[in-house]
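Trainee: Sharing a structure here in structure tokens format.
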Amino acid sequence: MVRRLFGTDGIRGRVVEAKPDESDAIEALHTNRVICASLMRVVGESLGRTMDTQSGTGVTVVVGWDDRPNNLELAAALTLGLRLTGCTVIHHGLCATPGLHRALLSHSARLGCMITASHNPVSDSGLKVFDSNGFKTSPKYEDHISSVAVALASEEREIDDIEAAELRQPNTIDSNSKDAHSAWLARRYELFQSLIGSAGFDGSSLANPFVLDSSRGFAHTWLSQWFTARGIPTVEVSGEAKALNLNCGAGDFSPTQTWTFDEAATSSHHLLRNLTPAPAGTLVGAALDGDGDRCLIIKATETGYMVIDGDAIGDAILSAGTHASPNSWDLAASIESDLSLLSTAHRHPTDVRIHETAVGDRWLSKALSPTLTQSLELPRCIGVEDSGHIVLAAAHPVHEQTWVLVGDGAATLVAYLLAFSVQDPHKHMVRGWKNRQSVKGVDRGLWTGSNGLADEIETMAKAFFAQQGEVTNWDRHGLDGEANLMLVSFNLDGFPASLGVRNSGTQAKISVSLRLSPSIDSSEMDHLMKSLTDHLSASMRT
């Protein structure tokens with residue numbers, strides 16, 4: 001069985017000094033979640049040797065990175081590995097992940113590589129890989145990359161220092177990242193106005209200034225000026241941070257999290273402590289994550305502030321869009337999104353086709369990809385995760401009337417502010433209840449989603465719900481992209497509910513997620529969650 005180097009969203013780990021032996025570097029990733037330049041070189045070679053199995057033509061690879069202290073070294077090692085296989089490497093340099101996405105499409109590259117660990121601490125880094133259409137790589141291809149990397153690491157492939165120094169340099173440098181991303185966002189702003197039915201931003205319900213926290217990522221150098229130029233006075237605060245993701249950014253926030261005014265004012269988080277109390281309902285700020293592909297928004301309440309999470313953002317955009325045009329929409333949401341998002345999609349005035357997906361924005365894009373070939377105008381589709389990953393269609397940066405799917409925190413903020421300007425809160429979803437808990441330090445191999453332990457968890461859950469009310473339509477199944485997922489959908493007293501259990505990411509942990517419709521009493525559900533996690537802990541401890 002292949003030990004995949006990739007987790008839910010690429011390779012991630014704490015950066016350490018390069019190990020002289022590549023097999024040791026691979027083992028260190030598996031056992032300690034650490035990465036180094038040696039690992040990046042062998043992954044680069046693996047990508048170069050396997051890219052002919054992916055879409056597109058040619059051997060061009062675009063490489064970008066965020067602002068982490070070891071990323072230049074990792075980029076040089078990745079470039080070395082790619083060029084050893086004959087690839088033409090273009091360095092897009094410091095950028096956000098959606099900026100790398102745009103550069104990949106602009107150069108008609110075969111692959112795009114973003115060196116980042118998203119919202120992880122600055123001591124971490126990693127790698128996200130995109131195909132020629134801008135989609136993240138599939139688990140099947142990641143298995144192929146991983147197996148080739150293991151094989152290469154066992155071979156003797158030394159090169160002399162002079163050749164290595166040359167091959168660590170790119171064939172071409174494309175340093176237009178800031179202007180290119182800004183211009184692409186401006187084009188998306190125009191398209192979103194038509195899609196959502198808004199004439200532009202309305203600052204009347206926004207704080208002045210609006211507080212932006214780009215997690216000291218690439219957007220902190222330009223995005224506040226972009227909004228200010230369009231009539232939304234905006235101040236960027238993450239420039240105060242000492243490093244990327246350090247006391248800043250969306251990575252420190254949880255969906256629907258709240259703070260009192262006093263808690264925010266005394267917080268170490270740069271966004272929270274820079275907020276000014278405002279009337280309830282005022283949008284006071286927004287946070288991106290380190291690589292700029294997701295966004296959470298902060299709203300004032302009667303007593304403080306709360307997070308508007310990805311589910312609420314997506315629902316507001318969808319609500320505005322379905323009222324702007326009679327044309328149908330496609331909505332994709334992961335198994336960790338609010339159940340009401342999909343189960344009450346019929347409340348919208350137009351037809352909404354729903355797609356439930358595995359965790360990870362690549363599955364949102366996969367579910368929505370058929371919409372790209374069915375429209376001569378911007379496809380009406382949206383992919384949603386509660387973490388703030390929102391996938392929306394965009395115009396291809398080169399080809400006319402060609403559409404792509406992109407997760408871009410800046411574009412998410414633009415779309416939400418437009419939707420907010422025309423919103424009718426009475427048409428938004430009534431939120432359900434959900435709880436997600438993880439058990440750490442377990443042997444992941446003891447859970448497959450279809451083995452005896454899974455049967456035990458299902459039996460425990462079904463017996464519990466039978467005591468709560470009438471259980472109907474009980475359906476245990478899986479989803480594409482979640483090989484070890486046990487997902488149970490059912491109705492309790494006629495209302496939808498869902499239970500999911502899965503090995504989470506690449507760490508030694510298993511996650512349990514329970515979601516209920518708002519009409520279901522949740523008062524006893526903590527007892528079920530404790531019973532399930534206790535049983536998993538006792539059965540899977542290493």
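Residues are referred to by chain and number: the chain letter is A, B, ... according to the order shown in the structure tokens, the number counts from 1 in that chain, and ligands are numbered separately from 1 in the order shown.
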So that I can see what lies close to A:Ala312, please list as a PyMOL selection string the residues with an atom at most 9 Å from it, counting only C-alpha atoms and leaving out residues fewer than 2 positions away in the same chain.
Mentor: chain A and resi 308-310+314-317+338+341+386+428-429+431
Trainee: I want to know what sits within 10 Å of stretch 321-326 of chain A, based on only C-alpha atoms, with residues of the same chain fewer than 4 positions away left out; could you give that as a list in words?
Mentor: Phe192, Gln193, Ser194, Leu195, Ile196, Gly197, Ser198, Asp315, Ala316, Ile317, His348, Pro349, Thr350, Asp351, Val352, Arg380, Cys381, Ala419, Val422, Gln423, Asp424 and Lys427 of chain A
Trainee: Between stretch 381-451 of chain A and stretch 503-519 of chain A, at 10 Å or less, what are the per-residue closest atom pairs and their distances in Å? Count only C-alpha atoms, order by chain and rising residue number, and return it as a Markdown table.
Mentor:
| residue | atom | partner | partner_atom | distance |
| --- | --- | --- | --- | --- |
| A:Met429 | CA | A:Pro518 | CA | 9.9 |
| A:Val430 | CA | A:Pro518 | CA | 6.8 |
| A:Arg431 | CA | A:Pro518 | CA | 6.1 |
| A:Gly432 | CA | A:Pro518 | CA | 4.0 |
| A:Trp433 | CA | A:Leu516 | CA | 5.1 |
| A:Lys434 | CA | A:Arg515 | CA | 4.3 |
| A:Asn435 | CA | A:Leu514 | CA | 5.4 |
| A:Arg436 | CA | A:Ser513 | CA | 4.3 |
| A:Gln437 | CA | A:Val512 | CA | 5.4 |
| A:Ser438 | CA | A:Ser511 | CA | 4.2 |
| A:Val439 | CA | A:Lys509 | CA | 5.3 |
| A:Lys440 | CA | A:Lys509 | CA | 4.2 |
| A:Gly441 | CA | A:Ala508 | CA | 5.3 |
| A:Val442 | CA | A:Ala508 | CA | 5.4 |
| A:Asp443 | CA | A:Ala508 | CA | 6.5 |
| A:Arg444 | CA | A:Ala508 | CA | 6.2 |
| A:Gly445 | CA | A:Asn503 | CA | 9.1 |
| A:Leu446 | CA | A:Asn503 | CA | 9.9 |
| A:Trp447 | CA | A:Asn503 | CA | 7.4 |
| A:Thr448 | CA | A:Asn503 | CA | 8.3 |
| A:Gly449 | CA | A:Asn503 | CA | 8.8 |
Trainee: Go through A:Asn71, A:Thr97, A:Thr53, A:Asn171 one by one, measure the shortest atom-to-atom distance of each to A:Lys140 using only C-alpha atoms, and give the residue with the smallest value.
Mentor: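 Nearest candidate to A:Lys140 out of A:Asn71, A:Thr97, A:Thr53, A:Asn171: A:Thr53.
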Trainee: Counting only C-alpha atoms, which of A:Met51, A:Val211, A:Leu275, A:Val122 gets nearest to A:Leu244?
Mentor: A:Val122
Trainee: Measuring between only C-alpha atoms, which one of A:Arg49, A:Arg188, A:Lys462, A:Lys178 shows the shortest distance to A:Leu528?
Mentor: A:Lys462
Trainee: Could you go through stretch 303-485 of chain A and tell me which residues DSSP, when run on the backbone, assigns to helix (DSSP H, G or I), listing them as an MDAnalysis selection string?
Mentor: chainID A and resid 310:324 339:343 345:347 361:373 409:422 425:427 444:446 452:468
